[in-house]
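Below is one structure; the comments refer to it alone.
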Amino acid sequence: MSLYQQYSNALNGITKPLAWVDMDRLDQNIKTNLKRAKNRSIRIASKSVRCVHLLRYILNSSEQFNGIMCYHPKEAAWLAEEGFDDLLIAYPSLCAESIVSALTATTKPAKIYFMVDKLEHVTLLNTLAGERGVIANVCIDLDMSVPFPMLNFGVHRSCIKTPNDALKLYHKIADLKNINLCGLMGYEAQIAGLGDNIPGKLIQNHIVRYLKKRSLPIIEERRTETIWALINAGANITLVNGGGTGSVESTIEEPLVNEVTIGSGFYCSHLFDFYTNFQLQPAAGFVTTVARQPASKIVTCNGGGYVASGNAERIKMPSPYLPVGLKLDSNEGTGEVQTPLHTGQTKQPLKLGDPVFFRHAKAGELCEHFNTMHLIRAGKVIDEVNTYRGNGWVFM
């Protein structure tokens with residue numbers, strides 16, 4: 001039986017569109033990522049999962065998984081309420097209400113780390129922590145982009161770009177009574193989140209691989225020198241976080257990095273199909289149904305326009321997955337209320353009401369469109385679990 005038929009049978013009779021997770025494939029991805037990280041501790045990126053049930057499932061699958069990388073202070077507070085106790089907030093915040101919610105959660109007990117890269121972040125944290133009589137653990141965000149002529153290879157993330165930048169901030173932190181600097185994070189997005197084996201992009205792939213190779217020694221040197229500079233200045237750095245799904249193999253080569261982050265490597269959204277150093281299994285997506293057939297080799301589905309964030313380009317659209325051979329219309333793409341698909345290359349005839357399965361470009365963002373996810377194992381739905389949205393959690 002084809003995978004299309006298995007999924008179709010499993011979800012027969014359930015109202016669509018809906019989001020699904022193949023738990024057997026999720027398990028395979030968990031095993032693959034554990035092997036890739038060797039014995040290095042792995043922090044799970046919640047942004048790429050956005051489901052408490054599955055965060056807990058992954059975390060409990062191996063002792064090698066330790067902690068969650070959150071993307072919002074209120075998220076950290078709510079995860080603490082759910083029993084998670086090692087929470088690194090990956091992005092700075094200047095929202096006092098959100099910060100207070102996370103500071104309050106540190107008394108549960110739950111160890112929470114706040115990300116900083118400017119004095120304003122630290123000053124506000126110190127004031128709010130002091131008012132509540134707690135110590136805020138902070139982590140400096142070290143920018144990992146690499147400047148090349150006419151190109152900043154990476155993302156515009158942090159203003160801490162050198163060991164000296166980090167030292168200047170640390171000296172100001174050291175004078176604050178309610179701040180404890182104990183971490184450094186460096187996310188090399190240009191390695192971790194940029195595919196280098198994209199079909200039809202031969203020249204681009206060679207350029208990206210070349211730039212990645214050139215970047216790696218620069219990244220390692222910057223991160224290593226920054227860690228030692230902070231330690232030699234008196235900082236008690238116990239957490240050094242690096243990398244992401246696409247950079248695990250290179251990040252674990254740095255001995256001072258004591259944990260790597262993996263997020264998209266669990267669901268394996270379609271942007272993570274195109275890497276030379278690893279291969280994962282598509283484990284999540286959404287399904288809708290054929291509503292119309294405007295031409296002999298075209299069907300039109302309900303909905304589908306769940307476009308991923310970032311630069312507005314075609315690759316950020318959901319990709320037709322099953323049945324194999326469906327193609328998006330080049331003029332229309334995916335639409336908010338309908339999506340036309342060309343069926344000329346599929347061997348599976350589609351009629352009105354038949355399901356069509358898609359994969360999202362980015363992993364966890366899919367969950368912003370659905371309240372629940374249907375979990376499939378061995379060809380059967382075994383559970384329906386809430387996404388963050390289904391919990392009423394919205395983080396801005």
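Residues in the structure tokens are named by chain (A, B, ... in the order shown) and by number from 1 within that chain; ligands are numbered from 1 in the order shown.
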Stretch 315-372 of chain A residues near stretch 279-298 of chain A within 9 Å, closest pair each, using only C-alpha atoms, as CSV:
```
residue,atom,partner,partner_atom,distance
A:Pro318,CA,A:Gly285,CA,8.9
A:Tyr321,CA,A:Gly285,CA,8.8
A:Gln338,CA,A:Ala291,CA,8.5
A:Pro340,CA,A:Ile298,CA,6.6
A:Leu341,CA,A:Ile298,CA,5.5
A:His342,CA,A:Ile298,CA,4.6
A:Thr343,CA,A:Lys297,CA,5.1
A:Gly344,CA,A:Lys297,CA,5.6
A:Leu350,CA,A:Val290,CA,7.6
A:Lys351,CA,A:Val290,CA,6.9
A:Leu352,CA,A:Val290,CA,5.1
A:Gly353,CA,A:Val290,CA,5.0
A:Asp354,CA,A:Thr289,CA,5.4
A:Pro355,CA,A:Thr289,CA,4.3
A:Val356,CA,A:Thr288,CA,5.5
A:Phe357,CA,A:Val287,CA,4.4
A:Phe358,CA,A:Phe286,CA,5.4
A:Arg359,CA,A:Gly285,CA,4.4
A:His360,CA,A:Gly285,CA,6.0
A:Ala363,CA,A:Ala284,CA,8.0
A:Leu366,CA,A:Gly285,CA,7.4
```
Residues at most 8 Å from A:Val155, counting only C-alpha atoms, excluding those fewer than 5 positions away in the same chain, as a ChimeraX atom specification? /A:144-145,189-190
As a PyMOL selection string, please: the residues near A:Leu55 (cut-off 9 Å, only C-alpha atoms, same-chain neighbours under 3 positions excluded). chain A and resi 44-46+49-52+58-60+68
May I have the residues within 12 Å of stretch 22-27 of chain A as a VMD selection string, using only C-alpha atoms and disregarding those fewer than 5 positions away in the same chain? chain A and resid 3 6 to 7 10 to 11 32 to 34 49 54 to 55 57 to 62 263 to 269 280 to 286 373 to 383
Keeping C-alpha atoms, export the residues of the selection given above as a compact mmCIF listing (two decimals), in the first residue's frame.
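And here is the file that came out, out.txt:
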```txt
# COMPACT_ATOMS: atom_id res chain seq x y z
CA LEU A 3 2.08 6.06 1.71
CA GLN A 6 -1.97 4.74 4.21
CA TYR A 7 -2.39 8.36 5.23
CA ALA A 10 -5.86 6.77 8.53
CA LEU A 11 -7.51 10.16 8.19
CA THR A 32 19.11 10.19 13.16
CA ASN A 33 19.67 13.45 15.02
CA LEU A 34 20.92 11.70 18.15
CA VAL A 49 7.67 22.03 17.28
CA LEU A 54 5.50 16.48 21.22
CA LEU A 55 8.09 18.60 23.03
CA TYR A 57 7.71 13.21 23.78
CA ILE A 58 11.01 14.19 22.17
CA LEU A 59 12.57 15.30 25.46
CA ASN A 60 11.69 12.00 27.13
CA SER A 61 12.92 9.87 24.23
CA SER A 62 16.59 10.14 25.24
CA GLY A 263 14.28 22.00 15.89
CA SER A 264 13.29 21.58 12.24
CA GLY A 265 15.08 18.24 12.20
CA PHE A 266 12.15 16.56 13.93
CA TYR A 267 9.23 17.35 11.59
CA CYS A 268 11.61 17.88 8.63
CA SER A 269 9.80 20.61 6.77
CA LEU A 280 15.73 13.14 7.32
CA GLN A 281 12.22 11.81 6.84
CA PRO A 282 9.19 14.03 6.11
CA ALA A 283 7.24 13.60 9.35
CA ALA A 284 4.62 16.36 9.43
CA GLY A 285 2.39 18.42 7.22
CA PHE A 286 -1.20 19.24 6.49
CA MET A 373 -2.30 17.74 15.21
CA HIS A 374 -3.36 14.19 14.38
CA LEU A 375 -0.68 11.66 15.31
CA ILE A 376 -0.37 8.67 12.98
CA ARG A 377 1.46 5.46 13.86
CA ALA A 378 1.52 2.25 11.82
CA GLY A 379 -1.12 3.67 9.50
CA LYS A 380 -3.62 4.61 12.22
CA VAL A 381 -4.47 7.80 14.09
CA ILE A 382 -3.41 7.21 17.70
CA ASP A 383 -4.05 10.64 19.19
```
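The space between atom CA of A:Ala235 and atom CA of A:Glu131 spans 24.1 Å.
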Please identify all polymer residues within 8 Å of A:Lys177, counting only C-alpha atoms, omitting same-chain residues fewer than 4 positions from it, and present them as a PDB file with C-alpha atoms, in the first residue's frame.
```pdb
ATOM      1  CA  ASN A 126      18.059  43.737  36.544  1.00  0.00           C
ATOM      2  CA  GLY A 130      15.450  43.204  41.783  1.00  0.00           C
ATOM      3  CA  ILE A 135      18.467  36.574  40.092  1.00  0.00           C
TER       4      ILE A 135
END
```
